[in-house]
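Input: a single structure, listed below in structure tokens.
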Amino acid sequence: MSQVHLLFCAHSIPLRQVAKGDPYVPQVRRTAAFLAQEAGDGLPWTLAFQSRVGPLRWQGPSLEEALADIRTSNADTLVVQPITFSTENLETLYDLDVDFRAQCLEAGIRSYRRAAAPGASSVYLDALADMVRKALASWEGQ
């Protein structure tokens, strides 16, 4: 029987921003926890951060660190959900679909699936438009 693991991934930020109180990491953690709960079935899940650049220390765990932990759980099916990428881009289409997928298969993951970014989904675009309308309305009242 297949052992499924959910991996939520987000763009990382430098730890110095986290230390200054940037709310991004706690918000991403809450989002991942909410999505895992909504997915149901008590599936094991992990949150990882990607796209580190330069010499600064960045928020982790990295995708590679998360993969090492996932493999210790004997998972052989990985479902990857990028949660901070609203559209497909280099970090989803190459970093996740090509590079990380190859790392997963090499590490023994037999089935790798990535959920699409919301992109042009009508539900997503309607939600964004609604947020813009609310922001404009609150701004006009000032």
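Chain labels follow the order of the structure tokens: the first chain is A, the next B, and so on; residue numbering restarts at 1 in every chain, and ligands are counted from 1 in their shown order.
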Residues near A:Ile109, cut-off 12 Å, only C-alpha atoms, skip fewer than 2 positions along chain, as a PyMOL selection string: chain A and resi 2-5+67-68+70-79+100-107+111-113
Same residues, C-alpha atoms, output as a CSV table (one decimal), in the first residue's frame:
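result_20.csv was written with the following content:
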chain,number,residue,atom,x,y,z
A,2,SER,CA,1.2,3.5,-0.9
A,3,GLN,CA,2.4,5.8,1.8
A,4,VAL,CA,1.3,9.4,0.8
A,5,HIS,CA,2.9,12.5,2.2
A,67,LEU,CA,12.8,15.3,1.6
A,68,ALA,CA,15.3,13.6,3.9
A,70,ILE,CA,10.0,12.4,4.5
A,71,ARG,CA,12.1,9.5,3.3
A,72,THR,CA,12.6,8.4,7.0
A,73,SER,CA,8.8,7.9,7.2
A,74,ASN,CA,8.8,5.4,4.3
A,75,ALA,CA,6.5,7.6,2.2
A,76,ASP,CA,6.7,6.6,-1.5
A,77,THR,CA,4.1,9.0,-2.9
A,78,LEU,CA,4.6,12.8,-2.6
A,79,VAL,CA,2.0,15.4,-3.3
A,100,PHE,CA,13.1,18.6,-7.1
A,101,ARG,CA,11.1,15.8,-8.9
A,102,ALA,CA,14.4,14.2,-10.0
A,103,GLN,CA,15.8,14.4,-6.5
A,104,CYS,CA,12.6,12.8,-5.1
A,105,LEU,CA,12.7,9.9,-7.6
A,106,GLU,CA,16.4,9.4,-6.9
A,107,ALA,CA,15.6,9.3,-3.2
A,111,SER,CA,5.1,8.8,-7.4
A,112,TYR,CA,5.5,12.5,-7.5
A,113,ARG,CA,2.6,14.9,-8.1
Picked from stretch 13-141 of chain A by DSSP as strand (DSSP E or B), as a list in words: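 Filtering stretch 13-141 of chain A down to strand (DSSP E or B) leaves Pro14, Trp45, Thr46, Leu47, Ala48, Phe49, Gln50, Trp58, Ser62, Thr77, Leu78, Val79, Val80, Gln81, Pro82, Ser111, Tyr112, Arg113 and Arg114 of chain A.
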With only C-alpha atoms as the counted atoms, please give the residues lying no more than 10 Å from A:Glu65, apart from itself and same-chain residues fewer than 4 positions off, as an mmCIF file with C-alpha atoms, in the first residue's frame.
data_model
loop_
_atom_site.group_PDB
_atom_site.id
_atom_site.type_symbol
_atom_site.label_atom_id
_atom_site.label_comp_id
_atom_site.auth_asym_id
_atom_site.auth_seq_id
_atom_site.Cartn_x
_atom_site.Cartn_y
_atom_site.Cartn_z
ATOM 1 C CA ALA A 48 9.418 23.405 3.366
ATOM 2 C CA PHE A 49 10.910 26.577 1.964
ATOM 3 C CA GLY A 60 14.066 26.412 6.478
ATOM 4 C CA PRO A 61 13.723 23.569 6.243
ATOM 5 C CA ASP A 69 12.803 13.649 6.713
ATOM 6 C CA ILE A 70 9.979 12.432 4.476
#
Sel. of helix (DSSP H, G or I) residues, stretch 30-122 of chain A, as a PyMOL selection string: chain A and resi 30-39+63-72+90-106+122
Next, dump the selected residues to file, keeping only C-alpha atoms, as a PDB file, in the first residue's frame.
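Contents of part.pdb, as written:
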ATOM      1  CA  ARG A  30      -1.000  28.651   9.541  1.00  0.00           C
ATOM      2  CA  THR A  31      -1.914  28.303   5.867  1.00  0.00           C
ATOM      3  CA  ALA A  32      -0.159  24.932   5.597  1.00  0.00           C
ATOM      4  CA  ALA A  33      -1.835  23.667   8.781  1.00  0.00           C
ATOM      5  CA  PHE A  34      -5.248  24.792   7.519  1.00  0.00           C
ATOM      6  CA  LEU A  35      -4.739  23.129   4.127  1.00  0.00           C
ATOM      7  CA  ALA A  36      -3.544  19.896   5.743  1.00  0.00           C
ATOM      8  CA  GLN A  37      -6.628  19.845   7.960  1.00  0.00           C
ATOM      9  CA  GLU A  38      -8.896  20.532   4.986  1.00  0.00           C
ATOM     10  CA  ALA A  39      -7.216  17.743   2.974  1.00  0.00           C
ATOM     11  CA  LEU A  63      13.110  21.147   0.122  1.00  0.00           C
ATOM     12  CA  GLU A  64      16.131  18.850   0.370  1.00  0.00           C
ATOM     13  CA  GLU A  65      16.013  18.779   4.178  1.00  0.00           C
ATOM     14  CA  ALA A  66      12.296  18.047   4.085  1.00  0.00           C
ATOM     15  CA  LEU A  67      12.813  15.250   1.561  1.00  0.00           C
ATOM     16  CA  ALA A  68      15.347  13.572   3.855  1.00  0.00           C
ATOM     17  CA  ASP A  69      12.803  13.649   6.713  1.00  0.00           C
ATOM     18  CA  ILE A  70       9.979  12.432   4.476  1.00  0.00           C
ATOM     19  CA  ARG A  71      12.052   9.461   3.335  1.00  0.00           C
ATOM     20  CA  THR A  72      12.572   8.356   6.952  1.00  0.00           C
ATOM     21  CA  LEU A  90      10.445  29.171 -12.864  1.00  0.00           C
ATOM     22  CA  GLU A  91      10.204  28.075  -9.236  1.00  0.00           C
ATOM     23  CA  THR A  92       7.247  25.790  -9.921  1.00  0.00           C
ATOM     24  CA  LEU A  93       7.864  24.690 -13.510  1.00  0.00           C
ATOM     25  CA  TYR A  94      11.594  24.021 -13.178  1.00  0.00           C
ATOM     26  CA  ASP A  95      12.605  23.987  -9.507  1.00  0.00           C
ATOM     27  CA  LEU A  96       9.711  21.720  -8.477  1.00  0.00           C
ATOM     28  CA  ASP A  97       8.669  19.929 -11.681  1.00  0.00           C
ATOM     29  CA  VAL A  98      12.154  19.119 -12.961  1.00  0.00           C
ATOM     30  CA  ASP A  99      14.887  19.528 -10.358  1.00  0.00           C
ATOM     31  CA  PHE A 100      13.093  18.565  -7.128  1.00  0.00           C
ATOM     32  CA  ARG A 101      11.097  15.832  -8.875  1.00  0.00           C
ATOM     33  CA  ALA A 102      14.379  14.230 -10.025  1.00  0.00           C
ATOM     34  CA  GLN A 103      15.752  14.434  -6.462  1.00  0.00           C
ATOM     35  CA  CYS A 104      12.602  12.772  -5.126  1.00  0.00           C
ATOM     36  CA  LEU A 105      12.684   9.936  -7.634  1.00  0.00           C
ATOM     37  CA  GLU A 106      16.382   9.386  -6.945  1.00  0.00           C
ATOM     38  CA  SER A 122     -11.954  31.928 -11.889  1.00  0.00           C
TER      39      SER A 122
END
Stretch 16-22 of chain A environment, 9 Å, only C-alpha atoms, sequence neighbours closer than 4 positions dropped, as a JSON list (two decimals) with N, CA, C and O atoms, in the first residue's frame:
[["chain", "number", "residue", "atom", "x", "y", "z"],
["A", 26, "PRO", "N", 4.96, 32.84, 10.09],
["A", 26, "PRO", "CA", 3.79, 32.35, 10.84],
["A", 26, "PRO", "C", 2.53, 32.25, 9.97],
["A", 26, "PRO", "O", 1.73, 31.32, 10.13],
["A", 56, "LEU", "N", 23.14, 34.88, 2.66],
["A", 56, "LEU", "CA", 22.36, 35.04, 3.89],
["A", 56, "LEU", "C", 21.81, 33.70, 4.37],
["A", 56, "LEU", "O", 21.65, 32.77, 3.58],
["A", 57, "ARG", "N", 21.50, 33.63, 5.66],
["A", 57, "ARG", "CA", 20.81, 32.45, 6.19],
["A", 57, "ARG", "C", 19.32, 32.65, 5.94],
["A", 57, "ARG", "O", 18.77, 33.72, 6.20],
["A", 58, "TRP", "N", 18.67, 31.59, 5.43],
["A", 58, "TRP", "CA", 17.27, 31.67, 5.03],
["A", 58, "TRP", "C", 16.41, 30.74, 5.87],
["A", 58, "TRP", "O", 16.90, 29.76, 6.44],
["A", 59, "GLN", "N", 15.12, 31.01, 5.90],
["A", 59, "GLN", "CA", 14.15, 30.18, 6.62],
["A", 59, "GLN", "C", 14.17, 28.77, 6.04],
["A", 59, "GLN", "O", 14.23, 28.58, 4.84]]
Top pick for closest residue to A:Gln27, considering A:Ala10, A:Glu140, A:Pro55, A:Asp126 and counting only C-alpha atoms: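 Closest residue, counting only C-alpha atoms: A:Ala10.
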Length of the atom CA of A:Phe8 to atom CA of A:Pro82 vector [Å]: 5.7 Å
